[in-house]
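**Student:** Submitted below is the structure of interest, expressed as structure tokens.
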Amino acid sequence: MGNLFGRKRRSRVTEQDRAVLQLKQQRDKLRQYQKRLSLGLERERALARQLLRDGKKEKAMLLLKKKRYQEQLLDKTENQISNLERMVQDIEFTQIEMKVIEGLKIGNECLNKMHQVMSIEEVERIIGETQDAVEYQRQIDELLAGSLTEEDEDAILEELNAITQEQLELPEVPSEPLPEKIPGKASSHSLGPVPSYSTGCFVDAGVTLHNPGFP
């Protein structure tokens, strides 16, 4: 337990991060120095004007020479700041490129492992087996399709025609409603036709119909 808590954690800060931090610190220091030079130049310019008013031309000349030198330092400082900022940008962009390269490396390793599991020979074997299975199924379908004789085909067509004819000969359902039966009153019409088995005729309301089924 003591070793677990006493072990130092691995820092995520890289050498590139430290370099970028140092460059930015130097840039900030140069900017502070640049700011101090700018303020000094303004004071020396005002002082040179005052010396000229007082008739101290030589001192004003010396002060202006000093001011000129400081202006040159200011220009050099600006160039150094630009160089530092460019270097910081280059390092940060290089870090991005390194991450991209690392991602590509991981992707290539993953692809290589997948290729080892599924080689070209394995893919060709699977495709070949699939084509063989499709061809085998096609041959089975052809055998099944060709196993019926002409008599079987005729019997199938005859059965199909019979089913079609049965559908055409179904009786029609009457569209008019049936007459309602009056309670307590019976008539000969409500009883329907009464067959006469002795004569082979149907008697309905005094009308005799001959039944062709009897002689």
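Naming works like this for the structure tokens: A, B, ... for the chains as they're shown, residue 1 at the start of each chain, ligands 1 onward in shown order.
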Pick out the residues sitting within 12 Å of A:Leu62, and hand them over as a ChimeraX atom specification; count only C-alpha atoms, and ignore anything fewer than 3 positions along from it in its own chain.
**Tutor:** /A:44-45,47-48,51-52,56-59,65-69
**Student:** Store the residues of this selection in a file with all heavy atoms, as a CSV table (one decimal), in the first residue's frame.
**Tutor:**
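Now in part21.csv:
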```
chain,number,residue,atom,x,y,z
A,44,GLU,N,12.9,60.8,-22.9
A,44,GLU,CA,14.1,61.5,-23.5
A,44,GLU,C,13.8,62.4,-24.6
A,44,GLU,O,14.4,63.5,-24.8
A,44,GLU,CB,15.0,60.4,-24.0
A,44,GLU,CG,15.7,59.6,-22.9
A,44,GLU,CD,16.5,58.4,-23.4
A,44,GLU,OE1,16.6,58.2,-24.6
A,44,GLU,OE2,17.2,57.7,-22.6
A,45,ARG,N,12.7,62.2,-25.3
A,45,ARG,CA,12.3,63.1,-26.4
A,45,ARG,C,11.8,64.4,-25.8
A,45,ARG,O,12.2,65.5,-26.2
A,45,ARG,CB,11.2,62.5,-27.2
A,45,ARG,CG,10.8,63.3,-28.4
A,45,ARG,CD,9.7,62.7,-29.3
A,45,ARG,NE,10.1,61.4,-29.8
A,45,ARG,CZ,9.6,60.3,-29.4
A,45,ARG,NH1,8.8,60.2,-28.4
A,45,ARG,NH2,10.0,59.1,-30.0
A,47,LEU,N,12.7,65.5,-22.8
A,47,LEU,CA,13.9,66.1,-22.2
A,47,LEU,C,14.7,66.8,-23.2
A,47,LEU,O,15.3,67.9,-23.0
A,47,LEU,CB,14.7,65.1,-21.4
A,47,LEU,CG,15.9,65.6,-20.7
A,47,LEU,CD1,15.5,66.7,-19.6
A,47,LEU,CD2,16.6,64.5,-20.0
A,48,ALA,N,14.9,66.2,-24.4
A,48,ALA,CA,15.7,66.9,-25.5
A,48,ALA,C,15.0,68.2,-25.9
A,48,ALA,O,15.7,69.2,-26.2
A,48,ALA,CB,15.8,65.9,-26.7
A,51,LEU,N,15.9,70.8,-23.3
A,51,LEU,CA,17.3,71.2,-23.4
A,51,LEU,C,17.5,72.2,-24.5
A,51,LEU,O,18.3,73.2,-24.4
A,51,LEU,CB,18.2,70.0,-23.6
A,51,LEU,CG,18.3,69.1,-22.4
A,51,LEU,CD1,19.1,67.8,-22.7
A,51,LEU,CD2,19.0,69.8,-21.2
A,52,LEU,N,16.8,72.0,-25.6
A,52,LEU,CA,16.9,72.9,-26.8
A,52,LEU,C,16.3,74.3,-26.4
A,52,LEU,O,16.8,75.3,-26.8
A,52,LEU,CB,16.2,72.3,-28.0
A,52,LEU,CG,16.9,71.1,-28.7
A,52,LEU,CD1,16.0,70.6,-29.8
A,52,LEU,CD2,18.2,71.6,-29.2
A,56,LYS,N,20.8,74.4,-24.5
A,56,LYS,CA,21.8,73.3,-24.2
A,56,LYS,C,21.8,72.3,-25.4
A,56,LYS,O,21.3,71.2,-25.3
A,56,LYS,CB,21.6,72.6,-22.9
A,56,LYS,CG,21.6,73.6,-21.7
A,56,LYS,CD,21.3,72.8,-20.5
A,56,LYS,CE,21.4,73.8,-19.3
A,56,LYS,NZ,21.1,73.1,-18.0
A,57,LYS,N,22.3,72.8,-26.5
A,57,LYS,CA,22.2,72.0,-27.7
A,57,LYS,C,23.1,70.7,-27.7
A,57,LYS,O,22.7,69.7,-28.2
A,57,LYS,CB,22.7,72.9,-28.9
A,57,LYS,CG,22.5,72.3,-30.3
A,57,LYS,CD,22.9,73.2,-31.3
A,57,LYS,CE,22.7,72.6,-32.7
A,57,LYS,NZ,23.1,73.6,-33.8
A,58,GLU,N,24.3,70.8,-27.1
A,58,GLU,CA,25.2,69.7,-27.1
A,58,GLU,C,24.6,68.5,-26.2
A,58,GLU,O,24.6,67.4,-26.6
A,58,GLU,CB,26.5,70.1,-26.5
A,58,GLU,CG,27.3,71.0,-27.4
A,58,GLU,CD,28.7,71.4,-26.8
A,58,GLU,OE1,29.0,70.9,-25.7
A,58,GLU,OE2,29.4,72.2,-27.5
A,59,LYS,N,24.0,68.9,-25.1
A,59,LYS,CA,23.4,67.9,-24.2
A,59,LYS,C,22.1,67.3,-25.0
A,59,LYS,O,21.9,66.1,-24.9
A,59,LYS,CB,23.0,68.5,-22.9
A,59,LYS,CG,24.1,68.8,-22.0
A,59,LYS,CD,23.6,69.3,-20.7
A,59,LYS,CE,24.8,69.6,-19.7
A,59,LYS,NZ,24.4,70.0,-18.4
A,65,LYS,N,21.2,61.0,-29.4
A,65,LYS,CA,22.0,59.8,-29.9
A,65,LYS,C,21.7,58.6,-29.0
A,65,LYS,O,21.5,57.5,-29.5
A,65,LYS,CB,23.5,60.1,-29.7
A,65,LYS,CG,24.0,61.1,-30.8
A,65,LYS,CD,25.5,61.4,-30.5
A,65,LYS,CE,26.1,62.3,-31.6
A,65,LYS,NZ,27.5,62.6,-31.4
A,66,LYS,N,21.5,58.9,-27.7
A,66,LYS,CA,21.1,57.8,-26.8
A,66,LYS,C,19.7,57.3,-27.2
A,66,LYS,O,19.4,56.0,-27.3
A,66,LYS,CB,21.1,58.2,-25.4
A,66,LYS,CG,20.7,57.2,-24.4
A,66,LYS,CD,20.7,57.7,-23.0
A,66,LYS,CE,20.2,56.7,-22.0
A,66,LYS,NZ,20.1,57.2,-20.6
A,67,LYS,N,18.9,58.2,-27.5
A,67,LYS,CA,17.5,57.8,-28.0
A,67,LYS,C,17.5,57.0,-29.2
A,67,LYS,O,16.8,56.1,-29.4
A,67,LYS,CB,16.7,59.1,-28.1
A,67,LYS,CG,15.3,58.9,-28.7
A,67,LYS,CD,14.5,60.2,-28.8
A,67,LYS,CE,13.2,60.1,-29.6
A,67,LYS,NZ,13.5,59.6,-31.0
A,68,ARG,N,18.4,57.4,-30.2
A,68,ARG,CA,18.5,56.7,-31.4
A,68,ARG,C,19.0,55.2,-31.2
A,68,ARG,O,18.4,54.3,-31.8
A,68,ARG,CB,19.5,57.4,-32.3
A,68,ARG,CG,19.6,56.7,-33.7
A,68,ARG,CD,18.3,56.7,-34.4
A,68,ARG,NE,18.5,56.0,-35.7
A,68,ARG,CZ,17.5,55.7,-36.6
A,68,ARG,NH1,16.2,56.0,-36.2
A,68,ARG,NH2,17.7,55.2,-37.7
A,69,TYR,N,19.9,55.0,-30.3
A,69,TYR,CA,20.4,53.7,-30.0
A,69,TYR,C,19.3,52.9,-29.3
A,69,TYR,O,19.2,51.7,-29.7
A,69,TYR,CB,21.6,53.8,-29.0
A,69,TYR,CG,22.1,52.5,-28.5
A,69,TYR,CD1,22.8,51.7,-29.3
A,69,TYR,CD2,21.9,52.1,-27.2
A,69,TYR,CE1,23.3,50.4,-28.9
A,69,TYR,CE2,22.3,50.9,-26.7
A,69,TYR,CZ,23.0,50.0,-27.6
A,69,TYR,OH,23.5,48.8,-27.1
```
**Student:** As a list in words, please: the residues near A:Ala46 (cut-off 12 Å, only C-alpha atoms, same-chain neighbours under 4 positions excluded).
**Tutor:**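 Answer for this query is Leu39, Gly40, Leu41, Glu42, Gln50, Leu51, Leu52, Arg53, Ala60, Leu63, Leu64 and Lys67 of chain A.
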**Student:** Please report, as a PyMOL selection string, each residue of stretch 17-194 of chain A to which DSSP assigns alpha helix (DSSP H) when run on this structure's backbone.
**Tutor:** chain A and resi 17-53+57-117+120-146+150-168+188-191
**Student:** Since we have the selection now, will you write its residues out, keeping C-alpha atoms, as a compact mmCIF listing (two decimals), in the first residue's frame?
**Tutor:**
```
# COMPACT_ATOMS: atom_id res chain seq x y z
CA ASP A 17 5.55 21.55 -23.74
CA ARG A 18 8.38 22.76 -21.53
CA ALA A 19 10.15 24.30 -24.52
CA VAL A 20 6.98 26.13 -25.56
CA LEU A 21 6.52 27.41 -22.02
CA GLN A 22 10.09 28.75 -21.85
CA LEU A 23 9.76 30.47 -25.23
CA LYS A 24 6.54 32.15 -24.16
CA GLN A 25 8.16 33.33 -20.93
CA GLN A 26 11.07 34.83 -22.87
CA ARG A 27 8.64 36.50 -25.24
CA ASP A 28 6.74 38.05 -22.33
CA LYS A 29 9.99 39.35 -20.81
CA LEU A 30 11.00 40.95 -24.10
CA ARG A 31 7.62 42.62 -24.34
CA GLN A 32 8.06 44.06 -20.87
CA TYR A 33 11.54 45.30 -21.85
CA GLN A 34 10.07 46.77 -25.04
CA LYS A 35 7.46 48.60 -23.03
CA ARG A 36 10.11 50.10 -20.75
CA LEU A 37 12.15 51.25 -23.78
CA SER A 38 9.09 52.92 -25.30
CA LEU A 39 8.39 54.84 -22.11
CA GLY A 40 12.08 55.89 -21.85
CA LEU A 41 12.09 57.16 -25.42
CA GLU A 42 9.10 59.38 -24.74
CA ARG A 43 10.79 60.85 -21.66
CA GLU A 44 14.10 61.45 -23.49
CA ARG A 45 12.29 63.10 -26.38
CA ALA A 46 10.56 65.50 -24.01
CA LEU A 47 13.85 66.12 -22.20
CA ALA A 48 15.65 66.88 -25.49
CA ARG A 49 13.03 69.51 -26.31
CA GLN A 50 13.50 71.09 -22.93
CA LEU A 51 17.30 71.20 -23.40
CA LEU A 52 16.90 72.91 -26.76
CA ARG A 53 14.67 75.52 -25.20
CA LYS A 57 22.23 72.01 -27.74
CA GLU A 58 25.18 69.67 -27.08
CA LYS A 59 23.37 67.87 -24.24
CA ALA A 60 20.30 67.63 -26.44
CA MET A 61 22.44 66.05 -29.18
CA LEU A 62 23.88 63.46 -26.76
CA LEU A 63 20.40 62.65 -25.51
CA LEU A 64 19.11 62.21 -29.06
CA LYS A 65 22.02 59.84 -29.86
CA LYS A 66 21.09 57.77 -26.85
CA LYS A 67 17.49 57.84 -27.95
CA ARG A 68 18.49 56.65 -31.41
CA TYR A 69 20.40 53.71 -29.97
CA GLN A 70 17.41 52.74 -27.83
CA GLU A 71 15.18 52.88 -30.90
CA GLN A 72 17.50 50.40 -32.60
CA LEU A 73 17.26 48.16 -29.54
CA LEU A 74 13.49 48.44 -29.75
CA ASP A 75 13.55 47.26 -33.37
CA LYS A 76 15.80 44.32 -32.46
CA THR A 77 13.50 43.42 -29.59
CA GLU A 78 10.54 43.40 -31.95
CA ASN A 79 12.40 41.04 -34.30
CA GLN A 80 13.29 38.72 -31.43
CA ILE A 81 9.67 38.63 -30.27
CA SER A 82 8.56 37.72 -33.79
CA ASN A 83 11.17 34.93 -33.93
CA LEU A 84 10.03 33.55 -30.59
CA GLU A 85 6.38 33.58 -31.61
CA ARG A 86 7.22 31.85 -34.90
CA MET A 87 9.18 29.18 -33.04
CA VAL A 88 6.29 28.61 -30.64
CA GLN A 89 3.92 28.16 -33.57
CA ASP A 90 6.31 25.75 -35.27
CA ILE A 91 6.64 23.61 -32.15
CA GLU A 92 2.88 23.54 -31.55
CA PHE A 93 2.23 22.59 -35.18
CA THR A 94 4.90 19.89 -34.97
CA GLN A 95 3.14 18.48 -31.90
CA ILE A 96 -0.05 18.26 -33.92
CA GLU A 97 1.80 16.50 -36.73
CA MET A 98 3.28 14.04 -34.24
CA LYS A 99 -0.20 13.20 -32.95
CA VAL A 100 -1.40 12.66 -36.50
CA ILE A 101 1.57 10.38 -37.23
CA GLU A 102 0.95 8.48 -34.01
CA GLY A 103 -2.68 7.98 -35.00
CA LEU A 104 -1.63 6.72 -38.43
CA LYS A 105 0.82 4.34 -36.80
CA ILE A 106 -1.89 2.89 -34.56
CA GLY A 107 -4.21 2.58 -37.54
CA ASN A 108 -1.58 0.76 -39.60
CA GLU A 109 -0.90 -1.67 -36.76
CA CYS A 110 -4.63 -2.38 -36.47
CA LEU A 111 -4.92 -2.96 -40.22
CA ASN A 112 -1.91 -5.28 -40.20
CA LYS A 113 -3.48 -7.37 -37.42
CA MET A 114 -6.74 -7.55 -39.35
CA HIS A 115 -4.89 -8.57 -42.49
CA GLN A 116 -3.16 -11.34 -40.58
CA VAL A 117 -6.51 -12.67 -39.42
CA ILE A 120 -5.98 -12.77 -49.29
CA GLU A 121 -5.97 -16.56 -49.49
CA GLU A 122 -8.71 -16.74 -46.86
CA VAL A 123 -10.85 -14.20 -48.72
CA GLU A 124 -10.39 -16.11 -52.01
CA ARG A 125 -11.36 -19.36 -50.27
CA ILE A 126 -14.54 -17.83 -48.81
CA ILE A 127 -15.52 -16.30 -52.16
CA GLY A 128 -14.91 -19.62 -53.89
CA GLU A 129 -17.04 -21.51 -51.36
CA THR A 130 -19.82 -18.95 -51.75
CA GLN A 131 -19.80 -19.31 -55.53
CA ASP A 132 -19.84 -23.12 -55.22
CA ALA A 133 -22.83 -22.93 -52.87
CA VAL A 134 -24.72 -20.64 -55.26
CA GLU A 135 -23.98 -22.95 -58.20
CA TYR A 136 -25.07 -26.01 -56.19
CA GLN A 137 -28.35 -24.33 -55.26
CA ARG A 138 -28.93 -23.39 -58.91
CA GLN A 139 -28.46 -27.00 -59.98
CA ILE A 140 -30.96 -28.15 -57.33
CA ASP A 141 -33.50 -25.60 -58.56
CA GLU A 142 -33.05 -26.80 -62.13
CA LEU A 143 -33.54 -30.43 -61.09
CA LEU A 144 -36.70 -29.61 -59.16
CA ALA A 145 -38.06 -27.53 -62.02
CA GLY A 146 -37.40 -30.32 -64.53
CA GLU A 150 -46.15 -33.24 -69.16
CA GLU A 151 -48.92 -35.19 -67.46
CA ASP A 152 -48.17 -33.41 -64.19
CA GLU A 153 -48.26 -30.05 -65.95
CA ASP A 154 -51.65 -30.93 -67.55
CA ALA A 155 -53.06 -32.09 -64.21
CA ILE A 156 -51.95 -28.84 -62.56
CA LEU A 157 -53.59 -26.76 -65.32
CA GLU A 158 -56.80 -28.82 -65.09
CA GLU A 159 -56.97 -28.33 -61.32
CA LEU A 160 -56.38 -24.61 -61.74
CA ASN A 161 -59.23 -24.39 -64.29
CA ALA A 162 -61.55 -26.34 -61.97
CA ILE A 163 -60.84 -23.97 -59.07
CA THR A 164 -61.45 -20.99 -61.35
CA GLN A 165 -64.76 -22.47 -62.58
CA GLU A 166 -65.94 -23.09 -59.01
CA GLN A 167 -65.35 -19.46 -58.19
CA LEU A 168 -67.38 -18.39 -61.23
CA SER A 188 -99.16 -20.72 -47.41
CA HIS A 189 -96.40 -18.45 -48.76
CA SER A 190 -94.53 -18.56 -45.44
CA LEU A 191 -94.42 -22.30 -45.50
```
